[in-house]
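Shown here: start_0.cif, mmCIF, N, CA and C atoms.
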```
data_target
#
loop_
_atom_site.label_atom_id
_atom_site.label_comp_id
_atom_site.auth_asym_id
_atom_site.auth_seq_id
_atom_site.Cartn_x
_atom_site.Cartn_y
_atom_site.Cartn_z
N MET A 1 48.73 152.68 108.19
CA MET A 1 48.58 151.75 109.29
C MET A 1 49.51 150.55 109.05
N ALA A 2 50.20 150.15 110.09
CA ALA A 2 51.13 149.03 109.99
C ALA A 2 50.38 147.72 109.80
N PRO A 3 50.94 146.82 109.01
CA PRO A 3 50.28 145.52 108.83
C PRO A 3 50.31 144.71 110.13
N ARG A 4 49.32 143.87 110.29
CA ARG A 4 49.25 142.99 111.47
C ARG A 4 50.23 141.84 111.27
N ILE A 5 51.07 141.62 112.26
CA ILE A 5 52.11 140.59 112.20
C ILE A 5 51.77 139.47 113.18
N GLY A 6 51.92 138.23 112.73
CA GLY A 6 51.78 137.06 113.59
C GLY A 6 53.07 136.26 113.52
N ILE A 7 53.42 135.57 114.58
CA ILE A 7 54.69 134.84 114.64
C ILE A 7 54.44 133.35 114.81
N ILE A 8 55.09 132.57 113.95
CA ILE A 8 55.13 131.11 114.10
C ILE A 8 56.54 130.77 114.54
N SER A 9 56.68 130.14 115.69
CA SER A 9 57.99 129.70 116.19
C SER A 9 58.07 128.19 116.14
N ASN A 10 59.26 127.69 115.86
CA ASN A 10 59.52 126.26 115.93
C ASN A 10 60.09 125.99 117.32
N PRO A 11 59.33 125.34 118.19
CA PRO A 11 59.82 125.11 119.55
C PRO A 11 61.00 124.16 119.61
N ARG A 12 61.30 123.47 118.51
CA ARG A 12 62.44 122.53 118.50
C ARG A 12 63.65 123.07 117.75
N SER A 13 63.60 124.31 117.23
CA SER A 13 64.74 124.83 116.48
C SER A 13 65.93 125.02 117.41
N SER A 14 67.13 124.91 116.85
CA SER A 14 68.33 124.91 117.67
C SER A 14 68.56 126.22 118.42
N SER A 15 68.12 127.33 117.90
CA SER A 15 68.35 128.62 118.55
C SER A 15 67.09 129.21 119.17
N HIS A 16 66.02 128.47 119.16
CA HIS A 16 64.74 128.99 119.64
C HIS A 16 64.83 129.51 121.07
N HIS A 17 65.35 128.72 121.96
CA HIS A 17 65.38 129.12 123.36
C HIS A 17 66.35 130.28 123.59
N ALA A 18 67.46 130.31 122.85
CA ALA A 18 68.40 131.41 123.00
C ALA A 18 67.77 132.73 122.58
N GLY A 19 66.94 132.72 121.55
CA GLY A 19 66.32 133.95 121.08
C GLY A 19 64.98 134.23 121.69
N GLN A 20 64.50 133.36 122.53
CA GLN A 20 63.14 133.47 123.06
C GLN A 20 62.95 134.72 123.92
N ALA A 21 63.96 135.11 124.69
CA ALA A 21 63.79 136.28 125.56
C ALA A 21 63.54 137.54 124.72
N GLY A 22 64.35 137.76 123.71
CA GLY A 22 64.16 138.93 122.85
C GLY A 22 62.86 138.84 122.09
N LEU A 23 62.48 137.66 121.66
CA LEU A 23 61.24 137.47 120.93
C LEU A 23 60.05 137.77 121.83
N ALA A 24 60.05 137.23 123.03
CA ALA A 24 58.92 137.40 123.94
C ALA A 24 58.67 138.87 124.25
N GLU A 25 59.73 139.61 124.50
CA GLU A 25 59.58 141.02 124.83
C GLU A 25 59.02 141.81 123.65
N ALA A 26 59.56 141.60 122.46
CA ALA A 26 59.13 142.36 121.29
C ALA A 26 57.75 141.92 120.80
N ALA A 27 57.39 140.66 121.06
CA ALA A 27 56.16 140.10 120.52
C ALA A 27 55.01 140.07 121.51
N ALA A 28 55.13 140.77 122.61
CA ALA A 28 54.15 140.66 123.69
C ALA A 28 52.71 140.89 123.22
N ARG A 29 52.49 141.74 122.23
CA ARG A 29 51.12 142.06 121.79
C ARG A 29 50.79 141.45 120.43
N LEU A 30 51.59 140.53 119.95
CA LEU A 30 51.35 139.94 118.63
C LEU A 30 50.81 138.53 118.75
N PRO A 31 50.00 138.10 117.78
CA PRO A 31 49.62 136.68 117.76
C PRO A 31 50.88 135.83 117.61
N HIS A 32 50.99 134.78 118.40
CA HIS A 32 52.20 133.95 118.41
C HIS A 32 51.80 132.50 118.66
N ALA A 33 52.36 131.61 117.85
CA ALA A 33 52.09 130.18 118.04
C ALA A 33 53.40 129.41 117.90
N ALA A 34 53.53 128.36 118.67
CA ALA A 34 54.68 127.46 118.58
C ALA A 34 54.13 126.04 118.42
N PRO A 35 53.60 125.73 117.24
CA PRO A 35 52.93 124.45 117.03
C PRO A 35 53.89 123.27 117.08
N GLU A 36 53.42 122.19 117.68
CA GLU A 36 54.22 120.98 117.85
C GLU A 36 54.01 119.96 116.73
N SER A 37 53.06 120.21 115.83
CA SER A 37 52.78 119.26 114.75
C SER A 37 52.33 120.02 113.51
N ARG A 38 52.29 119.31 112.38
CA ARG A 38 51.81 119.94 111.14
C ARG A 38 50.34 120.34 111.26
N GLU A 39 49.57 119.51 111.95
CA GLU A 39 48.16 119.83 112.14
C GLU A 39 48.01 121.10 112.97
N ALA A 40 48.79 121.22 114.03
CA ALA A 40 48.74 122.42 114.87
C ALA A 40 49.23 123.64 114.10
N LEU A 41 50.20 123.46 113.22
CA LEU A 41 50.67 124.56 112.38
C LEU A 41 49.55 125.04 111.47
N GLY A 42 48.86 124.11 110.82
CA GLY A 42 47.75 124.47 109.96
C GLY A 42 46.67 125.22 110.72
N ALA A 43 46.36 124.76 111.91
CA ALA A 43 45.35 125.43 112.74
C ALA A 43 45.80 126.83 113.14
N ALA A 44 47.07 126.98 113.49
CA ALA A 44 47.58 128.30 113.88
C ALA A 44 47.53 129.26 112.70
N LEU A 45 47.92 128.80 111.52
CA LEU A 45 47.87 129.66 110.34
C LEU A 45 46.44 130.03 109.99
N ALA A 46 45.52 129.09 110.10
CA ALA A 46 44.11 129.39 109.83
C ALA A 46 43.59 130.44 110.82
N GLN A 47 44.00 130.35 112.07
CA GLN A 47 43.59 131.35 113.06
C GLN A 47 44.20 132.70 112.73
N PHE A 48 45.46 132.72 112.32
CA PHE A 48 46.09 133.98 111.92
C PHE A 48 45.29 134.61 110.77
N ALA A 49 44.90 133.80 109.80
CA ALA A 49 44.12 134.31 108.66
C ALA A 49 42.81 134.91 109.16
N ALA A 50 42.14 134.20 110.05
CA ALA A 50 40.87 134.68 110.60
C ALA A 50 41.05 135.97 111.40
N ASP A 51 42.23 136.13 112.00
CA ASP A 51 42.52 137.32 112.82
C ASP A 51 43.04 138.49 111.99
N GLY A 52 43.16 138.33 110.68
CA GLY A 52 43.61 139.42 109.83
C GLY A 52 45.10 139.65 109.79
N VAL A 53 45.89 138.63 110.12
CA VAL A 53 47.34 138.76 110.04
C VAL A 53 47.73 138.95 108.57
N GLU A 54 48.61 139.91 108.33
CA GLU A 54 49.07 140.21 106.97
C GLU A 54 50.52 139.82 106.73
N VAL A 55 51.29 139.65 107.80
CA VAL A 55 52.69 139.24 107.72
C VAL A 55 52.90 138.09 108.70
N VAL A 56 53.38 136.97 108.20
CA VAL A 56 53.71 135.85 109.07
C VAL A 56 55.22 135.84 109.24
N ALA A 57 55.67 136.09 110.47
CA ALA A 57 57.09 136.03 110.81
C ALA A 57 57.38 134.60 111.23
N VAL A 58 58.38 134.00 110.61
CA VAL A 58 58.72 132.60 110.85
C VAL A 58 59.99 132.54 111.68
N HIS A 59 59.85 132.23 112.97
CA HIS A 59 60.97 132.16 113.91
C HIS A 59 61.47 130.72 113.96
N GLY A 60 62.45 130.45 113.14
CA GLY A 60 63.02 129.11 113.02
C GLY A 60 64.04 129.12 111.90
N GLY A 61 64.38 127.96 111.41
CA GLY A 61 65.34 127.87 110.33
C GLY A 61 64.67 127.59 109.00
N ASP A 62 65.47 127.16 108.04
CA ASP A 62 64.94 126.90 106.70
C ASP A 62 63.88 125.80 106.71
N GLY A 63 64.01 124.81 107.56
CA GLY A 63 63.00 123.74 107.65
C GLY A 63 61.67 124.27 108.15
N THR A 64 61.71 125.15 109.13
CA THR A 64 60.48 125.77 109.65
C THR A 64 59.83 126.61 108.56
N LEU A 65 60.65 127.37 107.85
CA LEU A 65 60.14 128.19 106.76
C LEU A 65 59.47 127.32 105.70
N ARG A 66 60.10 126.21 105.35
CA ARG A 66 59.52 125.28 104.37
C ARG A 66 58.18 124.74 104.85
N GLU A 67 58.08 124.36 106.12
CA GLU A 67 56.83 123.83 106.67
C GLU A 67 55.72 124.88 106.62
N VAL A 68 56.04 126.12 106.98
CA VAL A 68 55.03 127.18 106.95
C VAL A 68 54.58 127.43 105.51
N LEU A 69 55.52 127.53 104.59
CA LEU A 69 55.15 127.77 103.19
C LEU A 69 54.33 126.62 102.62
N SER A 70 54.63 125.41 103.04
CA SER A 70 53.87 124.24 102.57
C SER A 70 52.46 124.21 103.14
N ALA A 71 52.30 124.68 104.37
CA ALA A 71 50.99 124.63 105.04
C ALA A 71 50.07 125.79 104.64
N LEU A 72 50.64 126.89 104.17
CA LEU A 72 49.83 128.07 103.89
C LEU A 72 48.68 127.83 102.92
N PRO A 73 48.89 127.20 101.77
CA PRO A 73 47.77 127.08 100.82
C PRO A 73 46.54 126.37 101.38
N GLN A 74 46.73 125.40 102.25
CA GLN A 74 45.60 124.68 102.82
C GLN A 74 44.97 125.43 103.99
N ALA A 75 45.75 126.26 104.67
CA ALA A 75 45.29 126.91 105.89
C ALA A 75 44.79 128.33 105.69
N TRP A 76 45.20 128.96 104.61
CA TRP A 76 44.96 130.39 104.45
C TRP A 76 43.88 130.64 103.42
N ALA A 77 42.85 131.33 103.81
CA ALA A 77 41.80 131.72 102.88
C ALA A 77 42.09 133.14 102.42
N GLY A 78 42.00 133.38 101.16
CA GLY A 78 42.23 134.73 100.64
C GLY A 78 43.67 134.94 100.23
N PRO A 79 44.04 136.21 100.01
CA PRO A 79 45.40 136.52 99.57
C PRO A 79 46.43 136.06 100.59
N MET A 80 47.53 135.52 100.08
CA MET A 80 48.59 135.03 100.96
C MET A 80 49.27 136.18 101.70
N PRO A 81 49.72 135.94 102.92
CA PRO A 81 50.41 136.98 103.68
C PRO A 81 51.85 137.13 103.20
N ALA A 82 52.46 138.23 103.57
CA ALA A 82 53.90 138.38 103.39
C ALA A 82 54.58 137.46 104.40
N ILE A 83 55.77 137.02 104.07
CA ILE A 83 56.54 136.12 104.94
C ILE A 83 57.82 136.84 105.36
N ALA A 84 58.14 136.77 106.65
CA ALA A 84 59.37 137.38 107.17
C ALA A 84 60.13 136.35 107.99
N PRO A 85 61.19 135.77 107.44
CA PRO A 85 61.98 134.80 108.22
C PRO A 85 62.73 135.50 109.35
N LEU A 86 62.66 134.92 110.55
CA LEU A 86 63.43 135.38 111.70
C LEU A 86 64.36 134.23 112.09
N PRO A 87 65.64 134.33 111.76
CA PRO A 87 66.54 133.18 111.90
C PRO A 87 66.68 132.68 113.33
N ALA A 88 66.38 131.39 113.52
CA ALA A 88 66.51 130.76 114.83
C ALA A 88 66.71 129.26 114.67
N GLY A 89 67.30 128.85 113.58
CA GLY A 89 67.48 127.42 113.33
C GLY A 89 68.93 127.08 113.08
N ARG A 90 69.17 125.84 112.80
CA ARG A 90 70.52 125.38 112.49
C ARG A 90 70.93 125.90 111.11
N THR A 91 69.99 125.93 110.17
CA THR A 91 70.26 126.41 108.81
C THR A 91 69.32 127.58 108.55
N ASN A 92 69.90 128.75 108.28
CA ASN A 92 69.12 129.98 108.09
C ASN A 92 69.48 130.66 106.77
N LEU A 93 69.69 129.87 105.74
CA LEU A 93 70.11 130.42 104.45
C LEU A 93 69.12 131.44 103.92
N ALA A 94 67.83 131.15 103.99
CA ALA A 94 66.83 132.08 103.47
C ALA A 94 66.92 133.43 104.18
N ALA A 95 66.99 133.43 105.49
CA ALA A 95 67.07 134.69 106.24
C ALA A 95 68.36 135.43 105.92
N HIS A 96 69.47 134.71 105.84
CA HIS A 96 70.75 135.37 105.55
C HIS A 96 70.76 135.94 104.14
N THR A 97 70.13 135.26 103.20
CA THR A 97 70.04 135.76 101.83
C THR A 97 69.26 137.07 101.79
N LEU A 98 68.30 137.22 102.70
CA LEU A 98 67.51 138.44 102.76
C LEU A 98 68.16 139.54 103.59
N GLY A 99 69.37 139.27 104.13
CA GLY A 99 70.11 140.32 104.80
C GLY A 99 70.19 140.26 106.31
N TYR A 100 69.67 139.21 106.94
CA TYR A 100 69.81 139.10 108.39
C TYR A 100 71.24 138.74 108.72
N PRO A 101 71.80 139.32 109.78
CA PRO A 101 73.17 138.97 110.16
C PRO A 101 73.25 137.51 110.63
N ALA A 102 74.43 136.94 110.51
CA ALA A 102 74.62 135.52 110.81
C ALA A 102 74.21 135.15 112.23
N SER A 103 74.51 135.98 113.20
CA SER A 103 74.22 135.60 114.58
C SER A 103 73.14 136.46 115.23
N GLY A 104 72.56 137.38 114.53
CA GLY A 104 71.58 138.27 115.14
C GLY A 104 72.28 139.35 115.94
N ARG A 105 71.60 140.42 116.18
CA ARG A 105 72.18 141.50 116.97
C ARG A 105 71.82 141.28 118.42
N ARG A 106 72.74 141.61 119.31
CA ARG A 106 72.51 141.39 120.73
C ARG A 106 71.22 142.09 121.19
N GLU A 107 70.99 143.32 120.71
CA GLU A 107 69.80 144.05 121.14
C GLU A 107 68.52 143.58 120.45
N ASP A 108 68.66 142.78 119.38
CA ASP A 108 67.51 142.29 118.62
C ASP A 108 67.84 140.90 118.08
N PRO A 109 67.91 139.90 118.97
CA PRO A 109 68.41 138.58 118.55
C PRO A 109 67.57 137.91 117.47
N THR A 110 66.33 138.23 117.35
CA THR A 110 65.49 137.57 116.35
C THR A 110 65.26 138.42 115.11
N GLY A 111 65.57 139.70 115.16
CA GLY A 111 65.27 140.59 114.05
C GLY A 111 63.84 141.13 114.11
N LEU A 112 63.08 140.75 115.12
CA LEU A 112 61.68 141.15 115.20
C LEU A 112 61.53 142.66 115.38
N ARG A 113 62.36 143.27 116.17
CA ARG A 113 62.23 144.72 116.35
C ARG A 113 62.44 145.45 115.03
N ARG A 114 63.40 144.98 114.23
CA ARG A 114 63.60 145.58 112.91
C ARG A 114 62.40 145.36 112.01
N LEU A 115 61.80 144.19 112.09
CA LEU A 115 60.59 143.92 111.29
C LEU A 115 59.46 144.84 111.72
N LEU A 116 59.26 145.00 113.03
CA LEU A 116 58.20 145.88 113.52
C LEU A 116 58.44 147.32 113.09
N ALA A 117 59.69 147.77 113.16
CA ALA A 117 60.01 149.14 112.74
C ALA A 117 59.75 149.31 111.25
N ALA A 118 60.15 148.34 110.44
CA ALA A 118 59.93 148.42 109.00
C ALA A 118 58.43 148.43 108.68
N ALA A 119 57.66 147.59 109.35
CA ALA A 119 56.23 147.54 109.12
C ALA A 119 55.57 148.86 109.52
N GLY A 120 56.01 149.42 110.64
CA GLY A 120 55.48 150.70 111.09
C GLY A 120 55.78 151.83 110.14
N ALA A 121 56.90 151.70 109.40
CA ALA A 121 57.30 152.73 108.43
C ALA A 121 56.74 152.45 107.04
N GLY A 122 55.94 151.38 106.93
CA GLY A 122 55.33 151.07 105.65
C GLY A 122 56.25 150.34 104.68
N ARG A 123 57.31 149.71 105.18
CA ARG A 123 58.24 148.96 104.31
C ARG A 123 58.03 147.48 104.49
#
```

Structure re-expressed in structure tokens:
Amino acid sequence: MAPRIGIISNPRSSSHHAGQAGLAEAAARLPHAAPESREALGAALAQFAADGVEVVAVHGGDGTLREVLSALPQAWAGPMPAIAPLPAGRTNLAAHTLGYPASGRREDPTGLRRLLAAAGAGR
């Protein structure tokens, strides 16, 4: 069975709106939050934990990834989820280090479809 994936998006990231169409289509049935504050981020992560999310996809840049990783210990009860960066920020070094292409693929601008396929295949 594929792990449950939830998406945290940074609504202020530089590429968020450009990648939003591809994200919305691929994420239609997934838990998704675009918190506007650290408090809202903590609440969204706590809800993901309560909903059984096992992989948190972070749609933003390195700053968004840092904020999510910083908020997890206070918001998440139990074992920590896997983290999957989906590059959509000004600085995406973490995602690029993990093998995401610099500009995303036209058919999968956020990398979410690849993440869903990998999760479905047990990777």

Inset, instruction - Report as a ChimeraX atom specification the full result of the PyMOL selection byres (((chain A and resi 87 and name CA) around 7) and name CA) when it is applied to this structure. - result: /A:59-61,85-86,88-89,92,95,110

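Reported to one decimal place, the separation of CA of Thr97 in chain A from CA of Met1 in chain A is 27.8 Å.
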
Inset, instruction - Do a neighbour search on range 70-82 of chain A at 6 Å with only C-alpha atoms, toss out local chain neighbours closer than 5 positions, and write the hits as a PyMOL selection string. - result: chain A and resi 42+45-46+49+54-55

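Of the listed residues (A:Val53, A:Leu112, A:Leu93, A:Val68), A:Leu112 comes nearest to Ala28 in chain A; the distances count only C-alpha atoms.
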
Legend entry - Interatomic distance, CA of Ala119 in chain A to CA of Arg4 in chain A (Å, one decimal): 8.7 Å

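Ranking A:Ala94, A:Val58, A:Ala121, A:Ala43 by their shortest atom-to-atom distance to Gly6 in chain A, with only C-alpha atoms included, puts A:Val58 first.
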
Inset, instruction - Could you check how far atom C of Gly120 in chain A sits from atom C of Pro3 in chain A, in Å to one decimal? - result: 9.0 Å

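Nearest-residue note for Ser9 in chain A: choosing from A:Ala57, A:Leu30, A:Ala84, A:Gly122, the minimum distance belongs to A:Ala57, counting all atoms listed in the file.
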
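Restricting the calculation to all atoms listed in the file, the smallest distance between Glu36 in chain A and any of A:Gly111, A:Arg12, A:His96, A:Arg123 is found for A:Arg12.
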
Legend entry - Ile7 in chain A environment, 5 Å, all atoms listed in the file, sequence neighbours closer than 5 positions dropped, as a list in words: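 Everything that qualifies: Pro31, His32, Ala33 and Ala57 of chain A.
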
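Per DSSP on the backbone, strand (DSSP E) in range 34-95 of chain A comprises Val55, Val56, Ala57, Val58, His59, Gly60, Ala82, Ile83, Ala84, Pro85, Leu86 and Pro87 of chain A.
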
Put those residues in a file: N, CA and C atoms, as a PDB file, in the coordinates of the input.
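Output file selection-v4.pdb follows:
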```pdb
ATOM      1  N   VAL A  55      51.290 139.650 107.800  1.00  0.00           N
ATOM      2  CA  VAL A  55      52.690 139.240 107.720  1.00  0.00           C
ATOM      3  C   VAL A  55      52.900 138.090 108.700  1.00  0.00           C
ATOM      4  N   VAL A  56      53.380 136.970 108.200  1.00  0.00           N
ATOM      5  CA  VAL A  56      53.710 135.850 109.070  1.00  0.00           C
ATOM      6  C   VAL A  56      55.220 135.840 109.240  1.00  0.00           C
ATOM      7  N   ALA A  57      55.670 136.090 110.470  1.00  0.00           N
ATOM      8  CA  ALA A  57      57.090 136.030 110.810  1.00  0.00           C
ATOM      9  C   ALA A  57      57.380 134.600 111.230  1.00  0.00           C
ATOM     10  N   VAL A  58      58.380 134.000 110.610  1.00  0.00           N
ATOM     11  CA  VAL A  58      58.720 132.600 110.850  1.00  0.00           C
ATOM     12  C   VAL A  58      59.990 132.540 111.680  1.00  0.00           C
ATOM     13  N   HIS A  59      59.850 132.230 112.970  1.00  0.00           N
ATOM     14  CA  HIS A  59      60.970 132.160 113.910  1.00  0.00           C
ATOM     15  C   HIS A  59      61.470 130.720 113.960  1.00  0.00           C
ATOM     16  N   GLY A  60      62.450 130.450 113.140  1.00  0.00           N
ATOM     17  CA  GLY A  60      63.020 129.110 113.020  1.00  0.00           C
ATOM     18  C   GLY A  60      64.040 129.120 111.900  1.00  0.00           C
ATOM     19  N   ALA A  82      52.460 138.230 103.570  1.00  0.00           N
ATOM     20  CA  ALA A  82      53.900 138.380 103.390  1.00  0.00           C
ATOM     21  C   ALA A  82      54.580 137.460 104.400  1.00  0.00           C
ATOM     22  N   ILE A  83      55.770 137.020 104.070  1.00  0.00           N
ATOM     23  CA  ILE A  83      56.540 136.120 104.940  1.00  0.00           C
ATOM     24  C   ILE A  83      57.820 136.840 105.360  1.00  0.00           C
ATOM     25  N   ALA A  84      58.140 136.770 106.650  1.00  0.00           N
ATOM     26  CA  ALA A  84      59.370 137.380 107.170  1.00  0.00           C
ATOM     27  C   ALA A  84      60.130 136.350 107.990  1.00  0.00           C
ATOM     28  N   PRO A  85      61.190 135.770 107.440  1.00  0.00           N
ATOM     29  CA  PRO A  85      61.980 134.800 108.220  1.00  0.00           C
ATOM     30  C   PRO A  85      62.730 135.500 109.350  1.00  0.00           C
ATOM     31  N   LEU A  86      62.660 134.920 110.550  1.00  0.00           N
ATOM     32  CA  LEU A  86      63.430 135.380 111.700  1.00  0.00           C
ATOM     33  C   LEU A  86      64.360 134.230 112.090  1.00  0.00           C
ATOM     34  N   PRO A  87      65.640 134.330 111.760  1.00  0.00           N
ATOM     35  CA  PRO A  87      66.540 133.180 111.900  1.00  0.00           C
ATOM     36  C   PRO A  87      66.680 132.680 113.330  1.00  0.00           C
TER      37      PRO A  87
END
```

Legend entry - Which residue of A:Arg114, A:Ile5, A:Arg90, A:Gly99 approaches Arg29 in chain A most closely, using all atoms listed in the file: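 Nearest candidate to Arg29 in chain A out of A:Arg114, A:Ile5, A:Arg90, A:Gly99: A:Ile5.
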